[in-house]
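K.L.:
If it helps, the file is called my_file09.cif and holds mmCIF, C-alpha atoms:
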```cif
data_coords
loop_
_atom_site.label_atom_id
_atom_site.label_comp_id
_atom_site.auth_asym_id
_atom_site.auth_seq_id
_atom_site.Cartn_x
_atom_site.Cartn_y
_atom_site.Cartn_z
CA MET A 123 109.35 79.39 348.41
CA ARG A 124 112.37 77.33 349.15
CA GLY A 125 113.47 75.60 346.02
CA VAL A 126 116.30 77.68 344.80
CA GLY A 127 117.88 75.62 342.12
CA THR A 128 121.24 74.51 341.05
CA GLY A 129 121.11 74.92 337.34
CA HIS A 130 118.35 72.73 335.97
CA VAL A 131 114.62 72.52 336.06
CA ASP A 132 113.81 69.69 338.40
CA SER A 133 111.83 66.78 337.06
CA SER A 134 109.54 67.10 340.03
CA LEU A 135 108.19 70.24 338.47
CA HIS A 136 104.54 70.16 339.20
CA ARG A 137 102.44 68.84 336.38
CA GLY A 138 99.84 71.48 336.84
CA VAL A 139 102.25 74.25 336.07
CA THR A 140 101.33 75.57 332.70
CA ALA A 141 103.66 75.84 329.77
CA SER A 142 103.81 79.59 330.03
CA ALA A 143 104.99 79.38 333.61
CA GLN A 144 107.58 76.82 332.63
CA ALA A 145 108.84 79.21 330.03
CA LEU A 146 108.87 81.90 332.67
CA ILE A 147 110.77 79.72 335.09
CA SER A 148 113.28 78.32 332.69
CA SER A 149 114.07 81.73 331.36
CA ALA A 150 117.04 83.08 333.18
CA VAL A 151 116.25 84.45 336.63
CA ASP A 152 118.53 85.78 339.25
CA THR A 153 117.95 83.55 342.25
CA SER A 154 119.91 85.45 344.79
CA SER A 155 116.92 87.27 346.19
CA LEU A 156 114.42 84.45 345.93
CA SER A 157 115.04 82.34 348.98
CA CYS A 158 113.08 84.53 351.33
CA TYR A 159 109.77 84.06 349.53
CA SER A 160 107.37 81.62 351.03
CA ASP A 161 104.51 82.14 348.70
CA PHE A 162 104.43 80.97 345.14
CA ALA A 163 102.25 83.85 344.06
CA SER A 164 104.60 86.49 345.28
CA LEU A 165 107.39 84.51 343.68
CA LEU A 166 105.70 84.80 340.34
CA ILE A 167 105.08 88.48 340.74
CA THR A 168 108.70 88.97 341.58
CA MET A 169 109.74 86.88 338.63
CA SER A 170 107.71 88.93 336.26
CA LYS A 171 109.17 92.08 337.75
CA MET A 172 112.60 90.66 337.20
CA GLN A 173 111.68 89.87 333.67
CA SER A 174 110.63 93.41 333.03
CA SER A 175 113.81 94.78 334.50
CA SER A 176 115.61 92.23 332.31
CA ARG A 177 118.14 91.07 334.78
CA ALA A 178 119.69 87.98 333.33
CA SER A 179 121.55 85.13 334.85
CA SER A 180 122.29 81.58 333.83
CA ASP A 181 120.81 80.19 337.03
CA LYS A 182 117.44 78.46 336.96
CA LEU A 183 115.28 77.28 339.74
CA SER A 184 113.56 74.09 340.59
CA LEU A 185 110.12 73.97 342.08
CA ARG A 186 108.85 71.67 344.75
CA SER A 187 105.75 69.82 343.74
CA SER A 188 104.05 71.04 346.89
CA ALA A 189 103.84 74.48 345.38
CA PRO A 190 100.21 75.58 345.25
CA SER A 191 99.58 75.35 341.56
CA SER A 192 96.17 76.95 341.78
CA VAL A 193 97.77 80.24 341.02
CA LEU A 194 98.67 79.08 337.53
CA ALA A 195 96.17 76.44 336.53
CA PRO A 196 93.40 75.07 338.69
CA ARG A 197 94.20 71.40 339.14
CA ARG A 198 91.04 69.51 339.84
CA ALA A 199 90.70 65.79 340.24
CA THR A 200 90.20 64.62 336.69
CA ILE A 201 88.65 61.44 335.40
CA TYR A 202 92.17 60.03 335.06
CA ASP A 203 92.77 60.28 338.81
CA ARG A 204 89.90 58.00 339.67
CA ASN A 205 90.15 54.30 340.25
CA VAL A 206 89.85 52.73 336.84
CA ASN A 207 88.17 49.59 338.13
CA ARG A 208 85.34 51.36 339.84
CA ARG A 209 82.44 51.76 337.51
CA ALA A 210 81.13 55.25 337.12
CA PRO A 211 77.60 55.72 338.44
CA ASP A 212 74.92 55.52 335.81
CA LEU A 213 74.10 58.78 334.12
CA ALA A 214 70.66 60.23 333.64
CA LEU A 215 69.18 59.22 330.33
CA SER A 216 67.87 62.76 329.81
CA ALA A 217 71.37 64.18 330.11
CA PHE A 218 72.59 61.82 327.43
CA ALA A 219 69.53 62.45 325.27
CA PHE A 220 70.01 66.21 325.29
CA LEU A 221 73.74 65.93 324.64
CA PHE A 222 73.21 63.48 321.81
CA SER A 223 70.45 65.67 320.40
CA GLU A 224 72.88 68.57 320.23
CA MET A 225 75.48 66.33 318.61
CA VAL A 226 73.01 65.31 315.92
CA GLN A 227 72.05 68.94 315.33
CA TYR A 228 75.70 69.89 315.12
CA SER A 229 76.47 67.11 312.68
CA GLN A 230 73.65 68.36 310.47
CA LYS A 231 75.54 71.56 309.78
CA ASN A 232 77.65 71.83 306.65
CA VAL A 233 76.84 68.39 305.34
CA LYS A 234 75.72 67.60 301.83
CA GLY A 235 73.74 64.48 302.49
CA VAL A 236 72.62 61.81 304.86
CA GLN A 237 75.74 59.75 304.20
CA GLU A 238 78.06 62.53 305.22
CA MET A 239 76.04 63.19 308.34
CA GLU A 240 76.20 59.54 309.34
CA ASN A 241 79.95 59.61 308.79
CA LYS A 242 80.21 62.52 311.20
CA LEU A 243 78.18 60.74 313.86
CA SER A 244 80.28 57.65 313.30
CA ALA A 245 83.42 59.71 313.82
CA TYR A 246 82.10 60.85 317.22
CA GLY A 247 81.48 57.25 318.16
CA TYR A 248 84.95 56.28 316.99
CA HIS A 249 86.48 58.41 319.72
CA VAL A 250 84.27 56.73 322.30
CA GLY A 251 85.14 53.26 321.01
CA GLN A 252 88.86 53.85 321.23
CA ARG A 253 88.57 54.84 324.87
CA VAL A 254 86.15 52.12 325.83
CA LEU A 255 88.45 49.50 324.33
CA GLU A 256 91.41 50.83 326.25
CA LEU A 257 89.43 51.02 329.46
CA SER A 258 88.12 47.50 329.16
CA ALA A 259 91.63 46.27 328.38
CA ILE A 260 92.91 47.84 331.60
CA ARG A 261 89.99 46.56 333.63
CA GLU A 262 90.30 43.02 332.35
CA ILE A 263 94.03 42.98 332.84
CA LYS A 264 93.96 39.87 335.05
CA ASN A 265 92.18 37.62 332.60
CA ALA A 266 93.33 39.51 329.58
CA LYS A 267 92.83 37.68 326.35
CA ARG A 268 93.80 38.75 322.91
CA GLU A 269 90.99 38.11 320.50
CA THR A 270 92.42 36.42 317.45
CA ARG A 271 89.25 35.30 315.72
CA VAL A 272 86.50 37.43 314.27
CA LEU A 273 83.72 35.67 316.11
CA GLY A 274 85.45 35.99 319.46
CA LEU A 275 85.92 39.70 318.97
CA LEU A 276 82.33 40.21 317.85
CA GLN A 277 81.15 38.35 320.94
CA PHE A 278 83.34 40.61 323.02
CA ILE A 279 81.73 43.69 321.45
CA ASN A 280 78.29 42.17 321.75
CA THR A 281 78.59 41.54 325.47
CA THR A 282 81.47 43.28 327.24
CA ILE A 283 81.64 46.51 325.28
CA TRP A 284 77.88 46.89 324.99
CA LYS A 285 77.46 46.26 328.70
CA ALA A 286 80.18 48.74 329.57
CA ILE A 287 78.46 51.50 327.61
CA PHE A 288 74.76 50.71 327.73
CA GLY A 289 74.45 48.39 330.72
CA LYS A 290 73.01 45.54 328.68
CA PRO A 291 74.35 43.23 326.00
CA ALA A 292 73.28 43.69 322.39
CA ASP A 293 70.29 41.60 321.38
CA ALA A 294 71.76 39.42 318.67
CA LEU A 295 74.84 38.62 316.66
CA GLU A 296 74.30 37.13 313.23
CA LYS A 297 76.35 36.15 310.27
CA SER A 298 75.23 37.22 306.84
CA LYS A 299 73.96 34.34 304.78
CA ASP A 300 75.12 35.51 301.38
CA GLN A 301 78.23 37.53 302.23
CA GLU A 302 81.14 35.83 303.89
CA ASP A 303 82.65 39.07 305.13
CA GLU A 304 79.54 40.51 306.75
CA TYR A 305 78.30 40.16 310.30
CA MET A 306 75.39 41.84 312.00
CA ILE A 307 75.12 43.08 315.56
CA ILE A 308 71.50 43.79 316.39
CA ASP A 309 70.16 46.15 319.03
CA ASN A 310 66.39 46.14 319.41
CA ASP A 311 66.26 49.38 321.35
CA PRO A 312 69.35 51.50 320.77
CA ILE A 313 69.60 54.19 323.40
CA SER A 314 70.63 56.86 320.90
CA ASN A 315 67.38 56.53 318.96
CA LYS A 316 65.09 56.40 321.96
CA TYR A 317 63.70 59.91 321.52
CA ILE A 318 64.57 60.57 317.90
CA SER A 319 61.95 60.65 315.19
CA VAL A 320 63.74 60.79 311.88
CA PRO A 321 62.10 63.31 309.53
CA LYS A 322 60.44 62.00 306.40
CA ASP A 323 62.79 63.79 304.02
CA MET A 324 65.78 61.71 305.16
CA PRO A 325 64.34 58.24 305.68
CA SER A 326 67.64 56.41 305.39
CA LEU A 327 69.23 58.26 308.31
CA ASP A 328 69.97 56.23 311.40
CA CYS A 329 71.47 58.14 314.31
CA ALA A 330 72.78 54.86 315.71
CA SER A 331 75.69 55.47 313.32
CA PHE A 332 77.23 56.72 316.54
CA GLN A 333 77.35 53.18 317.90
CA ALA A 334 78.54 51.95 314.51
CA GLY A 335 81.53 54.21 315.03
CA VAL A 336 82.12 52.65 318.44
CA ILE A 337 82.13 49.17 316.92
CA GLU A 338 84.43 50.28 314.14
CA ALA A 339 86.92 51.71 316.62
CA VAL A 340 86.98 48.50 318.65
CA MET A 341 87.41 46.40 315.50
CA ASP A 342 90.22 48.64 314.27
CA GLY A 343 91.84 48.73 317.70
CA CYS A 344 91.95 44.93 317.82
CA GLN A 345 93.51 44.81 314.36
CA PHE A 346 90.36 43.69 312.62
CA PRO A 347 89.82 46.58 310.23
CA ALA A 348 86.18 46.77 309.20
CA ARG A 349 83.58 49.17 307.92
CA VAL A 350 80.53 49.39 310.16
CA THR A 351 77.22 50.98 309.17
CA ALA A 352 73.91 51.28 310.97
CA HIS A 353 70.60 50.44 309.35
CA SER A 354 67.25 50.82 311.03
CA VAL A 355 64.95 47.86 310.50
CA PRO A 356 61.74 48.76 312.30
CA THR A 357 59.46 45.93 313.31
CA ASP A 358 56.09 46.15 315.03
CA LEU A 359 57.52 44.85 318.27
CA HIS A 360 60.75 46.84 318.10
CA PRO A 361 60.16 50.06 316.15
CA LEU A 362 63.70 51.27 316.83
CA LYS A 363 65.49 48.05 315.90
CA THR A 364 68.87 48.75 314.38
CA VAL A 365 71.25 46.41 312.60
CA PHE A 366 74.94 47.23 312.68
CA LEU A 367 76.46 45.77 309.57
CA VAL A 368 80.13 44.87 310.05
CA LYS A 369 81.92 44.51 306.73
CA LEU A 370 85.35 43.06 307.28
CA ASP A 371 88.44 44.04 305.39
CA PRO A 372 89.66 41.36 302.92
CA LEU A 373 92.90 41.13 304.91
CA VAL A 374 90.99 39.92 307.95
CA LEU A 375 89.29 37.19 305.95
CA GLU A 376 92.61 36.07 304.55
CA ARG A 377 94.09 35.81 308.03
CA GLU A 378 91.01 33.99 309.23
CA ARG A 379 91.45 31.38 306.49
CA TYR A 380 95.10 30.98 307.39
CA MET A 381 94.29 30.37 311.06
CA ARG A 382 91.62 27.82 310.38
CA MET B 282 36.16 58.23 330.74
CA VAL B 283 36.72 59.66 327.31
CA VAL B 284 39.43 61.97 326.11
CA TYR B 285 38.27 63.81 323.02
CA SER B 286 41.24 65.78 321.83
CA LEU B 287 44.51 67.45 322.63
CA TYR B 288 45.79 70.85 321.56
CA ILE B 289 49.28 72.16 322.13
CA LEU B 290 49.83 75.90 321.79
CA ASN B 291 53.20 77.56 321.69
CA LYS B 292 53.80 80.75 323.63
CA ALA B 293 52.87 82.91 320.64
CA ALA B 294 49.38 81.35 320.47
CA GLY B 295 50.32 79.24 317.46
CA LEU B 296 48.79 75.80 317.32
CA ILE B 297 51.68 73.36 317.10
CA TYR B 298 49.81 70.13 317.67
CA GLN B 299 46.21 69.02 317.39
CA ARG B 300 44.89 65.54 317.60
CA ASP B 301 41.47 63.99 318.08
CA PHE B 302 41.20 60.70 319.92
CA ASN B 303 37.59 60.07 319.22
CA ASP B 304 36.20 59.11 315.82
CA GLY B 305 32.83 60.74 316.50
CA LEU B 306 34.23 64.26 316.48
CA GLN B 307 33.43 66.54 313.61
CA LYS B 308 36.54 67.65 311.78
CA LEU B 309 37.11 71.35 311.47
CA SER B 310 39.16 73.09 308.83
CA SER B 311 42.74 73.77 309.83
CA ASN B 312 41.95 77.48 309.87
CA ASP B 313 39.18 76.91 312.42
CA TYR B 314 41.59 75.08 314.70
CA LEU B 315 43.93 78.05 314.55
CA VAL B 316 41.05 80.43 315.35
CA LEU B 317 40.01 78.26 318.31
CA SER B 318 43.48 78.13 319.76
CA GLY B 319 44.05 81.84 319.18
CA THR B 320 40.75 82.66 320.89
CA PHE B 321 41.57 80.52 323.88
CA HIS B 322 45.01 82.05 324.16
CA ALA B 323 43.50 85.56 324.21
CA VAL B 324 40.79 84.68 326.74
CA HIS B 325 43.39 82.97 328.90
CA ALA B 326 45.60 86.08 328.84
CA ILE B 327 42.67 88.39 329.66
CA ALA B 328 41.51 86.11 332.47
CA SER B 329 44.92 86.11 334.10
CA ARG B 330 44.94 89.93 333.99
CA ILE B 331 41.46 90.62 335.32
CA SER B 332 41.56 87.93 337.98
CA PRO B 333 41.07 89.32 341.53
CA VAL B 334 43.79 86.92 342.69
CA PRO B 335 47.26 88.38 342.18
CA SER B 336 49.51 86.60 339.67
CA SER B 337 46.77 84.31 338.50
CA SER B 338 47.65 81.54 336.12
CA GLY B 339 44.59 82.18 333.97
CA ILE B 340 41.94 79.67 332.99
CA GLU B 341 42.62 76.16 334.21
CA VAL B 342 39.33 74.41 333.69
CA LEU B 343 36.31 75.16 331.54
CA GLU B 344 33.29 73.00 332.26
CA THR B 345 30.25 72.75 330.05
CA ASP B 346 27.39 70.31 329.72
CA THR B 347 29.06 68.49 326.86
CA PHE B 348 32.76 68.73 327.48
CA ARG B 349 35.42 69.72 329.93
CA LEU B 350 38.47 71.69 328.85
CA GLN B 351 41.55 71.46 331.01
CA CYS B 352 44.48 73.78 330.41
CA PHE B 353 48.00 73.24 331.61
CA GLN B 354 50.52 75.98 331.04
CA THR B 355 54.20 75.15 331.35
CA LEU B 356 56.76 77.54 332.79
CA THR B 357 57.90 78.39 329.30
CA GLY B 358 54.42 79.40 328.18
CA THR B 359 53.46 76.35 326.17
CA LYS B 360 49.82 75.43 326.73
CA PHE B 361 48.38 71.95 326.71
CA LEU B 362 44.62 71.80 326.27
CA LEU B 363 42.77 68.59 326.87
CA ILE B 364 39.16 68.33 325.86
CA SER B 365 37.38 65.45 327.50
CA ASP B 366 34.06 64.10 328.66
CA PRO B 367 32.62 66.25 331.53
CA ARG B 368 32.81 63.27 333.86
CA GLN B 369 36.50 62.76 333.15
CA GLN B 370 38.51 62.87 336.36
CA SER B 371 42.12 63.86 336.91
CA SER B 372 42.58 65.61 333.58
CA ASP B 373 45.44 67.52 335.14
CA THR B 374 47.46 64.36 335.82
CA ILE B 375 46.80 63.22 332.27
CA LEU B 376 48.13 66.54 331.04
CA ARG B 377 51.22 66.22 333.22
CA ARG B 378 51.90 62.86 331.69
CA ILE B 379 51.39 64.24 328.20
CA TYR B 380 53.81 67.01 329.08
CA GLU B 381 56.36 64.35 330.02
CA LEU B 382 55.86 62.65 326.69
CA TYR B 383 56.26 66.02 324.97
CA ALA B 384 59.46 66.72 326.87
CA ASP B 385 60.84 63.31 325.93
CA TYR B 386 59.80 62.73 322.37
CA VAL B 387 59.51 66.27 321.05
CA ILE B 388 62.04 68.39 322.92
CA LYS B 389 64.75 65.72 322.90
CA ASN B 390 64.28 65.11 319.22
CA PRO B 391 67.13 66.83 317.37
CA PHE B 392 64.98 67.34 314.28
CA TYR B 393 62.30 69.32 316.09
CA GLN B 394 62.56 73.06 315.85
CA ILE B 395 61.26 74.76 318.92
CA GLU B 396 57.92 76.64 318.58
CA MET B 397 57.28 74.91 315.25
CA PRO B 398 54.51 72.40 314.53
CA VAL B 399 55.18 69.00 316.08
CA ARG B 400 55.80 66.24 313.57
CA CYS B 401 57.38 63.50 315.62
CA GLU B 402 56.39 59.95 314.90
CA LEU B 403 57.47 58.67 318.31
CA PHE B 404 55.40 61.31 320.08
CA ASP B 405 52.32 60.33 318.10
CA ARG B 406 52.88 56.69 318.85
CA HIS B 407 53.49 57.06 322.57
CA LEU B 408 50.65 59.54 322.97
CA ALA B 409 48.23 57.20 321.24
CA ALA B 410 49.39 54.31 323.41
CA TYR B 411 48.95 56.36 326.58
CA ILE B 412 45.46 57.62 325.69
CA LYS B 413 44.46 54.10 324.78
CA ALA B 414 45.77 52.82 328.10
CA ILE B 415 43.77 55.28 330.21
CA SER B 416 40.47 55.05 328.35
#
```
Would you mind writing the file out in structure tokens?
P.N.:
Amino acid sequence: MRGVGTGHVDSSLHRGVTASAQALISSAVDTSSLSCYSDFASLLITMSKMQSSSRASSDKLSLRSSAPSSVLAPRRATIYDRNVNRRAPDLALSAFAFLFSEMVQYSQKNVKGVQEMENKLSAYGYHVGQRVLELSAIREIKNAKRETRVLGLLQFINTTIWKAIFGKPADALEKSKDQEDEYMIIDNDPISNKYISVPKDMPSLDCASFQAGVIEAVMDGCQFPARVTAHSVPTDLHPLKTVFLVKLDPLVLERERYMR
Amino acid sequence: MVVYSLYILNKAAGLIYQRDFNDGLQKLSSNDYLVLSGTFHAVHAIASRISPVPSSSGIEVLETDTFRLQCFQTLTGTKFLLISDPRQQSSDTILRRIYELYADYVIKNPFYQIEMPVRCELFDRHLAAYIKAIS
């Protein structure tokens, strides 16, 4: 280990070094005997020995980023290290189905009713939506466009967002006839419901509330606050058909009128 | 090519699913179905023990003049019994396909409790569609 410091912790301190090690390093250490160490591990051992013998000095040391950080925290290539423009390979549907099944079972715990359970599922989807929106914003950076109108944003969700998550656009986008502030995004075969048979004692439950949460996050993220709920509308042809009802905040409608 | 009925037994010999696909079959009382499945489970277990072949999988096929019973046991001990016409071919592939449907629409359903009776609408629907398609 070469980096014997000159009185400050270098900014090149390796990111993988954990907080505890940082505390260890920044705590006063006598550096006079350190320069001969070539191995980070033995450095640490020595440092802890020094700590125990409580020899204090005002000197601190800086670490080279080439230090093998595996001793402290295994630094694997994370999802953030990958090229953001390259699409991840498609996942197995079974893997998603089992994971989602566990999520539904988990959300069933400690809830009083169907509504509360749907809210929980929606909250899971909200996290997904926030990330998907950010990712699509980075990917589309060249022809980036800020959606300023409700319809444009809903189209964006209907096509781009839906394709990014499910590999296909949603089946329809409709405007409510009687309510000015309501829009409907329709998916005839939502992937979350593919294997789920809702029990008879909770007929109003729709596990696609997860996707409703995704939509809500995208709407909120684009400054179009809205409340999104999922309603299953089974038909003979599409027994899993789900309507995502987007109820816009009054503020959005006001802005929309102003822009017209 | 007629499939008469399907039984699914859990590993404790409990009948978790029973369905007839042919209207001509005489309905039994639910207790009788349980007795039938329990009896088969016991005979299957005895057969696998007394078989001269080591580590036998027990009864696979039972052929009679009037019906043919095919049994498929999964690795986890669930048994699928298919009762069909004696001339029915490839019952084992039908059972494999039914097992796939079971794995999809029963096991992946978050509201299904394992080893409990199967009440999954999607499983019923897809099973009926499949049986209709092959007969």
K.L.:
Give as a list in words the residues that the PyMOL selection byres ((chain A) within 10 of (chain B)) matches when applied to the coordinates above.
P.N.:
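This file, filtered by the PyMOL selection byres ((chain A) within 10 of (chain B)), leaves Ser216, Ala217, Phe218, Ala219, Phe220, Leu221, Phe222, Ser223, Glu224, Met225, Val226, Gln227, Tyr228, Gln230, Asn315, Lys316, Tyr317, Ile318, Ser319, Val320, Pro321, Lys322, Pro361 and Leu362 of chain A.
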K.L.:
Determine the residue membership of the PyMOL selection byres ((chain B and resi 412) around 10) for the file above and supply it as an MDAnalysis selection string.
P.N.:
chainID B and resid 283:286 302 375 379 407:411 413:416
K.L.:
Which residue out of A:Ala294, A:Ile279, A:Val272, A:Met324 has the minimum interatomic distance to Gln345 of chain A when all atoms listed in the file are used?
P.N.:
A:Val272
K.L.:
Counting only C-alpha atoms, what is within 10 Å of Lys242 of chain A, bar same-chain residues fewer than 2 positions away, as a ChimeraX atom specification?
P.N.:
/A:225-226,228-230,233,236-240,244-248,331-332,335
K.L.:
For atom CA of Glu302 of chain A and atom CA of Leu367 of chain A, quote the distance in Å rounded to one decimal.
P.N.:
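Separation of atom CA of Glu302 of chain A and atom CA of Leu367 of chain A: 12.4 Å.
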